[in-house]
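Notes for the one structure printed next.
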Amino acid sequence: MTMQTTKGTARNKRGSLTEFGAALSVFFCCVFVPLVDISFVPARYLLTYTNMDRVVHRMALTEKRSLALKYLHGDPTWKKIVEGWGVTVKDVKASLVVCEQGGSTKLTLAENSRVPNAFLPNGSKLPNGGSSYALEITTTVDIPPLYSSKVGLPGFTQPIEFKFRNRAQWENLSPDPYTTTDPKAPQYYINE
C-alpha cells in the first residue's frame with residue numbers, strides 16, 4: 001500500500017529557507033550576536049595589557065624616576081590610545097619594588113617615596129649590587145563589550161572591571177654626577 005500526498009503538501013527534497021527561518025533568526029539573535037559582542041572583551045583586554053606593558057617599559061627606560069612619573073600622569077598619549085578602543089582608565093598608580101636577589105628582602109615604595117640609602121645600589125642592606133629594582137604600575141580599567149548599556153550583565157551589555165599589574169626592570173642604576181657632591185654618599189637617578 002502506498003501513500004499518496006496531495007500536491008499542496010509535498011515537500012521539496014532540497015529544503016526551504018522558510019522552514020529554517022525561525023531557527024536562523026533565533027540562532028542569529030541568541031547565539032551569533034552575543035558571541036560577537038562578548039568576543040570584544042578579550043580582544044580589548046589583550047590590547048590594553050600589551051599597551052600597559054609598553055608604557056611601563058618606556059617608563060623604566062627614562063633617566064630619572066620623576067620623568068617616568070611625569071610620563072605616566074602628565075602625558076595623555078598612552079591614555080588616548082587605550083581609550084581609543086573603548087576602554088575606560090579609572091585609576092593608575094606607580095610603585096618601585098626593590099628585591100634582594102636571594103629573595104629575603106623586598107621593599108615596595110609608593111610613587112614619590114625615595115629609596116632609603118640602605119637599599120640603594122651598594123647600600124648596607126643590599127651589598128655588591130645584589131638587588132633588582134622594578135617599576136610597577138597598577139591600572140584599573142573598565143573593558144566593555146561591543147554593545148553596552150546601563151542595564152544588564154557585565155560582559156554582555158555592561159563593562160567588566162579589570163586590574164592590571166605590569167612591571168619592568170629599572171634600567172638606570174647609576175649615580176647622578178651633576179648632583180653628587182660627596183663621593184661617599186652619591187645621589188642616584190632613581191631618587192630624582
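Order determines the names: the first chain of the C-alpha cells is A, the second B, and so forth; residues in each chain are numbered 1 upward, and ligands are numbered 1 upward as they are shown.
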Can you tell me, as a ChimeraX atom specification, which residues in region 2-162 of chain A count as strand (DSSP E or B) by DSSP? /A:88-100,106-109,131-143,154,158,160-162
Select from region 36-64 of chain A every residue with an atom at most 6 Å from any atom of region 146-161 of chain A, then for each give the shortest pair of atoms and their distance in Å to one decimal, using only C-alpha atoms, rows by chain and rising number, as a Markdown table.
| residue | atom | partner | partner_atom | distance |
| --- | --- | --- | --- | --- |
| A:Asp37 | CA | A:Leu146 | CA | 4.9 |
| A:Ile38 | CA | A:Phe156 | CA | 6.0 |
| A:Phe40 | CA | A:Leu146 | CA | 5.8 |
Would you work out the distance separating CA of Val87 (chain A) from CA of Phe28 (chain A), expressed in Å to one decimal?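 Interatomic distance, CA of Val87 (chain A) to CA of Phe28 (chain A): 26.6 Å.
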Nearest residue to Asp142 (chain A) out of A:Tyr178, A:Tyr189, A:Phe162, A:Phe32, using only C-alpha atoms?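 That would be A:Phe162, the residue with the smallest distance to Asp142 (chain A).
Between Thr50 (chain A) and the candidates A:Val36, A:Glu192, A:Glu63, A:Asn166, the tightest atom-to-atom separation, counting only C-alpha atoms, involves A:Asn166.
Of the residues listed (A:Trp85, A:Arg58, A:Leu107, A:Leu120), A:Trp85 shows the shortest atom-to-atom separation from Pro144 (chain A); distances use only C-alpha atoms.
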Exercise: region 65-67 of chain A partners within 12 Å, only C-alpha atoms, chain neighbours under 4 positions left out, as a ChimeraX atom specification: /A:56,58-61,71-75,94-96,110-115,133-136,170-173,188-192
Helix (DSSP H, G or I) residues, from DSSP on the backbone, in region 51-90 of chain A, as a ChimeraX atom specification: /A:51-60,65-74,77-84
